[in-house]
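Structure data follow from final01.cif (mmCIF, C-alpha atoms and all ligand atoms):
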data_entry
loop_
_atom_site.label_atom_id
_atom_site.label_comp_id
_atom_site.auth_asym_id
_atom_site.auth_seq_id
_atom_site.Cartn_x
_atom_site.Cartn_y
_atom_site.Cartn_z
CA MET A 53 27.29 11.77 -16.23
CA ARG A 54 30.20 9.67 -17.39
CA THR A 55 33.73 10.98 -16.90
CA ARG A 56 35.36 12.00 -20.18
CA ILE A 57 38.82 10.57 -20.89
CA LYS A 58 41.78 12.22 -22.63
CA ILE A 59 45.05 10.43 -23.25
CA CYS A 60 47.91 12.77 -24.01
CA GLY A 61 51.26 12.44 -25.72
CA LEU A 62 50.38 10.10 -28.61
CA THR A 63 53.29 9.45 -30.97
CA ARG A 64 52.35 6.24 -32.83
CA GLU A 65 49.40 5.15 -34.96
CA ALA A 66 49.07 1.85 -33.09
CA ASP A 67 48.66 3.72 -29.80
CA ILE A 68 45.86 5.82 -31.29
CA ASP A 69 44.13 2.65 -32.47
CA ALA A 70 44.46 1.07 -29.00
CA ALA A 71 43.11 4.14 -27.21
CA VAL A 72 40.17 4.49 -29.60
CA LYS A 73 39.33 0.80 -29.29
CA ALA A 74 39.39 1.12 -25.49
CA GLY A 75 36.92 4.05 -25.61
CA VAL A 76 38.93 7.26 -25.31
CA ASP A 77 37.14 10.61 -25.88
CA ALA A 78 40.13 12.80 -26.73
CA LEU A 79 43.73 12.36 -27.81
CA GLY A 80 46.49 14.85 -27.03
CA PHE A 81 49.37 15.71 -29.34
CA VAL A 82 52.31 17.50 -27.72
CA MET A 83 53.72 20.23 -29.98
CA TRP A 84 56.13 21.61 -27.38
CA PRO A 85 59.66 20.66 -28.52
CA GLY A 86 60.93 20.26 -24.94
CA SER A 87 58.82 17.12 -24.46
CA LYS A 88 59.92 13.55 -25.02
CA ARG A 89 56.54 13.18 -26.75
CA ALA A 90 57.01 16.15 -29.08
CA LEU A 91 55.76 15.99 -32.67
CA THR A 92 56.60 18.04 -35.73
CA PRO A 93 53.65 19.58 -37.61
CA GLU A 94 54.26 17.02 -40.38
CA ARG A 95 53.99 14.11 -37.93
CA LEU A 96 50.90 15.70 -36.37
CA GLU A 97 49.24 15.71 -39.78
CA GLN A 98 49.99 11.99 -40.22
CA LEU A 99 48.75 11.00 -36.76
CA SER A 100 45.69 13.22 -37.00
CA ALA A 101 44.58 11.33 -40.11
CA ARG A 102 44.38 8.17 -38.01
CA VAL A 103 41.83 9.60 -35.55
CA PRO A 104 38.23 8.65 -36.35
CA PRO A 105 35.31 11.08 -36.20
CA PHE A 106 33.88 11.97 -32.77
CA VAL A 107 37.26 11.55 -31.07
CA THR A 108 38.66 15.00 -30.25
CA ARG A 109 42.20 15.86 -31.39
CA VAL A 110 43.83 18.20 -28.87
CA GLY A 111 47.09 20.05 -29.57
CA LEU A 112 49.23 20.88 -26.54
CA PHE A 113 51.30 24.07 -26.66
CA VAL A 114 53.52 25.81 -24.10
CA ASP A 115 53.92 29.55 -24.73
CA GLN A 116 54.55 28.94 -28.44
CA ALA A 117 54.55 31.19 -31.47
CA PRO A 118 51.16 31.95 -33.06
CA ASP A 119 52.55 30.96 -36.47
CA LEU A 120 53.33 27.44 -35.26
CA ILE A 121 49.93 27.05 -33.61
CA ALA A 122 48.19 28.29 -36.76
CA GLU A 123 50.20 25.82 -38.84
CA CYS A 124 49.01 22.94 -36.63
CA ALA A 125 45.39 24.11 -36.34
CA PRO A 126 44.02 22.33 -39.47
CA TRP A 127 44.87 18.96 -37.88
CA LEU A 128 43.28 19.72 -34.51
CA ASP A 129 39.82 20.11 -32.97
CA MET A 130 40.92 21.83 -29.76
CA LEU A 131 43.93 23.63 -28.30
CA GLN A 132 45.43 23.02 -24.86
CA PHE A 133 47.52 25.90 -23.51
CA HIS A 134 49.91 24.54 -20.93
CA GLY A 135 52.09 27.61 -20.33
CA GLU A 136 51.55 31.17 -19.11
CA GLU A 137 49.41 32.22 -22.09
CA PRO A 138 47.06 35.11 -21.25
CA PRO A 139 43.39 34.71 -22.30
CA GLU A 140 43.86 36.94 -25.36
CA ALA A 141 46.57 34.60 -26.72
CA CYS A 142 44.25 31.59 -26.35
CA GLU A 143 41.52 33.36 -28.33
CA LEU A 144 43.52 34.04 -31.49
CA TYR A 145 42.62 30.92 -33.46
CA GLY A 146 38.81 30.82 -33.40
CA MET A 147 39.03 27.32 -31.90
CA SER A 148 37.88 25.66 -28.69
CA TRP A 149 40.59 25.67 -26.04
CA LEU A 150 41.48 24.39 -22.59
CA LYS A 151 43.67 26.26 -20.15
CA ALA A 152 46.04 24.12 -18.10
CA LEU A 153 46.77 25.45 -14.64
CA ARG A 154 49.57 24.13 -12.49
CA MET A 155 48.57 23.81 -8.86
CA ARG A 156 51.00 26.20 -7.18
CA ASP A 157 50.38 26.64 -3.45
CA ASP A 158 49.03 30.16 -3.96
CA ILE A 159 46.74 29.56 -6.95
CA ASP A 160 43.16 30.87 -6.67
CA LEU A 161 41.14 28.63 -8.99
CA HIS A 162 37.99 30.76 -8.80
CA GLU A 163 40.00 33.79 -9.89
CA GLN A 164 41.57 31.78 -12.74
CA ALA A 165 38.17 30.49 -13.85
CA SER A 166 37.00 34.07 -14.10
CA ARG A 167 40.15 35.16 -15.95
CA TYR A 168 39.90 32.28 -18.47
CA HIS A 169 36.11 32.30 -18.65
CA ARG A 170 36.10 31.64 -22.42
CA ALA A 171 37.96 28.34 -21.98
CA ARG A 172 35.96 25.15 -22.54
CA GLY A 173 37.52 23.79 -19.34
CA LEU A 174 40.38 24.07 -16.88
CA LEU A 175 42.92 21.27 -16.87
CA LEU A 176 44.52 21.01 -13.43
CA ASP A 177 48.06 19.63 -13.31
CA ALA A 178 50.72 19.26 -10.61
CA TYR A 179 53.20 22.10 -10.11
CA ARG A 180 56.93 21.51 -10.31
CA PRO A 181 59.09 24.65 -10.68
CA GLY A 182 60.75 24.92 -14.08
CA VAL A 183 58.71 22.13 -15.71
CA PRO A 184 55.55 23.06 -17.64
CA GLY A 185 53.79 19.72 -17.15
CA GLY A 186 53.81 16.01 -17.82
CA THR A 187 55.75 15.44 -14.59
CA GLY A 188 53.86 12.31 -13.54
CA GLU A 189 53.30 13.93 -10.14
CA VAL A 190 50.01 13.98 -8.22
CA PHE A 191 48.74 17.09 -6.39
CA ASP A 192 46.42 17.21 -3.40
CA TRP A 193 43.01 16.53 -4.94
CA SER A 194 41.21 18.04 -1.93
CA ARG A 195 42.31 21.44 -3.33
CA VAL A 196 39.86 21.17 -6.27
CA PRO A 197 36.73 23.18 -5.42
CA ALA A 198 33.42 21.49 -6.17
CA ASP A 199 31.90 24.74 -7.44
CA LEU A 200 34.30 25.97 -10.14
CA ALA A 201 32.58 27.90 -12.91
CA LEU A 202 34.24 25.81 -15.65
CA PRO A 203 34.46 22.05 -16.26
CA VAL A 204 37.49 20.51 -14.52
CA ILE A 205 39.81 18.10 -16.29
CA LEU A 206 41.91 16.40 -13.63
CA ALA A 207 45.52 15.61 -14.57
CA GLY A 208 48.88 15.00 -12.95
CA GLY A 209 50.22 11.58 -12.11
CA LEU A 210 47.01 9.68 -12.87
CA SER A 211 47.41 5.97 -13.53
CA PRO A 212 45.44 2.70 -13.49
CA GLU A 213 46.34 2.45 -9.78
CA ASN A 214 44.83 5.74 -8.61
CA ILE A 215 42.20 6.59 -11.20
CA VAL A 216 39.21 5.05 -9.40
CA GLN A 217 40.03 6.99 -6.22
CA ALA A 218 40.63 10.17 -8.24
CA VAL A 219 37.26 10.01 -10.00
CA HIS A 220 35.43 9.16 -6.80
CA GLN A 221 37.06 11.95 -4.82
CA VAL A 222 37.06 14.80 -7.37
CA THR A 223 34.19 13.82 -9.71
CA PRO A 224 35.82 15.86 -12.51
CA TYR A 225 34.22 16.45 -15.89
CA GLY A 226 37.19 14.65 -17.40
CA VAL A 227 40.58 13.14 -16.71
CA ASP A 228 43.84 13.40 -18.63
CA VAL A 229 46.78 11.00 -18.44
CA SER A 230 50.15 10.72 -20.11
CA GLY A 231 52.99 9.10 -18.14
CA GLY A 232 50.65 6.78 -16.23
CA VAL A 233 49.90 4.82 -19.39
CA GLU A 234 53.52 4.48 -20.50
CA ALA A 235 55.70 1.43 -19.91
CA SER A 236 58.84 3.48 -20.48
CA ALA A 237 59.46 7.21 -20.92
CA GLY A 238 57.29 8.58 -23.73
CA VAL A 239 56.14 5.15 -24.99
CA LYS A 240 52.48 4.27 -24.52
CA ASP A 241 51.48 0.79 -23.33
CA HIS A 242 48.24 -0.70 -24.64
CA ASP A 243 47.47 -2.76 -21.54
CA LEU A 244 47.91 0.33 -19.34
CA ILE A 245 45.66 2.38 -21.66
CA GLN A 246 42.96 -0.28 -21.39
CA ALA A 247 43.39 -0.55 -17.60
CA PHE A 248 43.16 3.24 -17.19
CA ILE A 249 40.00 3.56 -19.26
CA GLY A 250 38.55 0.52 -17.51
CA GLY A 251 39.28 2.22 -14.19
CA VAL A 252 37.37 5.34 -15.19
CA GLN A 253 34.44 3.22 -16.34
CA THR A 254 34.49 1.26 -13.08
CA ALA A 255 34.57 4.46 -11.02
CA ASP A 256 31.60 5.82 -12.98
CA VAL A 257 29.39 2.86 -12.03
CA THR A 258 30.53 2.21 -8.46
CA PRO A 259 29.79 4.28 -5.38
CA ALA A 260 32.69 6.09 -3.71
CA THR A 261 33.75 4.42 -0.45
CA ARG A 262 35.50 6.66 2.05
O1 LIG B 301 53.35 15.39 -21.89
C1 LIG B 301 54.24 16.25 -21.89
O2 LIG B 301 55.39 15.97 -22.24
C2 LIG B 301 53.93 17.64 -21.45
C3 LIG B 301 54.89 18.61 -21.66
C4 LIG B 301 54.64 19.91 -21.28
C5 LIG B 301 53.45 20.25 -20.69
C6 LIG B 301 52.49 19.29 -20.46
C7 LIG B 301 52.70 17.98 -20.83
N1 LIG B 301 51.77 16.98 -20.62
C8 LIG B 301 50.56 17.16 -19.89
O3 LIG B 301 50.81 17.10 -18.49
C9 LIG B 301 49.67 16.57 -17.84
C10 LIG B 301 50.06 15.52 -16.81
O4 LIG B 301 50.83 14.52 -17.38
P1 LIG B 301 51.17 13.17 -16.55
O5 LIG B 301 49.94 12.29 -16.66
O6 LIG B 301 51.42 13.58 -15.14
O7 LIG B 301 52.34 12.57 -17.22
C11 LIG B 301 48.75 16.04 -18.91
O8 LIG B 301 47.70 16.96 -19.02
C12 LIG B 301 49.53 16.08 -20.17
O9 LIG B 301 48.66 16.54 -21.15
#

Show me the file's structure as structure tokens.
Ligand SMILES: O=C(O)c1ccccc1N[C@@H]1O[C@H](COP(=O)(O)O)[C@@H](O)[C@H]1O
Amino acid sequence: MRTRIKICGLTREADIDAAVKAGVDALGFVMWPGSKRALTPERLEQLSARVPPFVTRVGLFVDQAPDLIAECAPWLDMLQFHGEEPPEACELYGMSWLKALRMRDDIDLHEQASRYHRARGLLLDAYRPGVPGGTGEVFDWSRVPADLALPVILAGGLSPENIVQAVHQVTPYGVDVSGGVEASAGVKDHDLIQAFIGGVQTADVTPATR
């Protein structure tokens, strides 16, 4: 099965066009105001209108107010909860959702998969204390169990340089990238987007060499 691709932190129409042209499956919109990629609901509405059918629009939230999430919901297909939201908080909107988990040393992914069993997938990101995500850091991919009960979306420091190795080693359902396709902080680069998606496609059709 081919590896699904999400690019996160879109802020410009031209970047959406470039990602769609390159073959992206999902686009992430960061609604957490602490991010350099943060959008207002008004800007989300504008960018959302640019996304063609069959490309999934994912809204990223970090422990945010239900009112804000509900305000954004009409412009989204899926929610990504990147904070400490309990399962009940993720269920409030009647929408598909992903739970992001940061890979602390003591995390038990099987336990988390059971806790968040209504999620459409678990997005695994690097852990840095005090930062909810988007750190550009890689975690030890050997910590991802092959038998998790939910689809795994691998994230954290992915880039055109490491994506073939990542897909070969983890064989995730999907991958998610933000900083690895930016030429400068928060600004997407079209060549890097194309190289990243090309890397996933290459990994999908080449055998892993170890
Ligand atoms: O992108 C952000 O600014 C962000 C802010 C808060 C939480 C998560 C965020 N992004 C997500 O982090 C991972 C990894 O990003 P990177 O590739 O390491 O830069 C990714 O899932 C983004 O969706």

Counting only C-alpha atoms, which residue out of A:Thr187, A:Gln116, A:Ser194, A:Gln221 sits closest to Ala207 of chain A?
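Residue with the minimum atom-to-atom distance to Ala207 of chain A: A:Thr187.
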
Find the residues near ligand LIG 301 (chain B). Use a cut-off of 8 Å, count only C-alpha atoms and all ligand atoms, and write them as a ChimeraX atom specification.
/A:59-61,80,82,84,86-90,112-114,134-135,152,175-178,183-190,206-211,228-233,238

A:Met83, A:Leu200, A:Leu153, A:Ala165 ranked by distance to Ala125 of chain A, top pick (using all atoms listed in the file)
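Once distances to Ala125 of chain A are computed over all atoms listed in the file, the minimum belongs to A:Met83.
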
Record the distance separating atom CA of Leu131 of chain A and atom CA of Leu150 of chain A, expressed in Å with one decimal.
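Atom-to-atom, atom CA of Leu131 of chain A and atom CA of Leu150 of chain A are spaced 6.3 Å apart.
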
Hey, which of A:Glu123, A:Gln253, A:Glu136, A:Arg64 ends up closest to Ala101 of chain A? Count only C-alpha atoms.
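With only C-alpha atoms as the atom set, the closest residue is A:Arg64.
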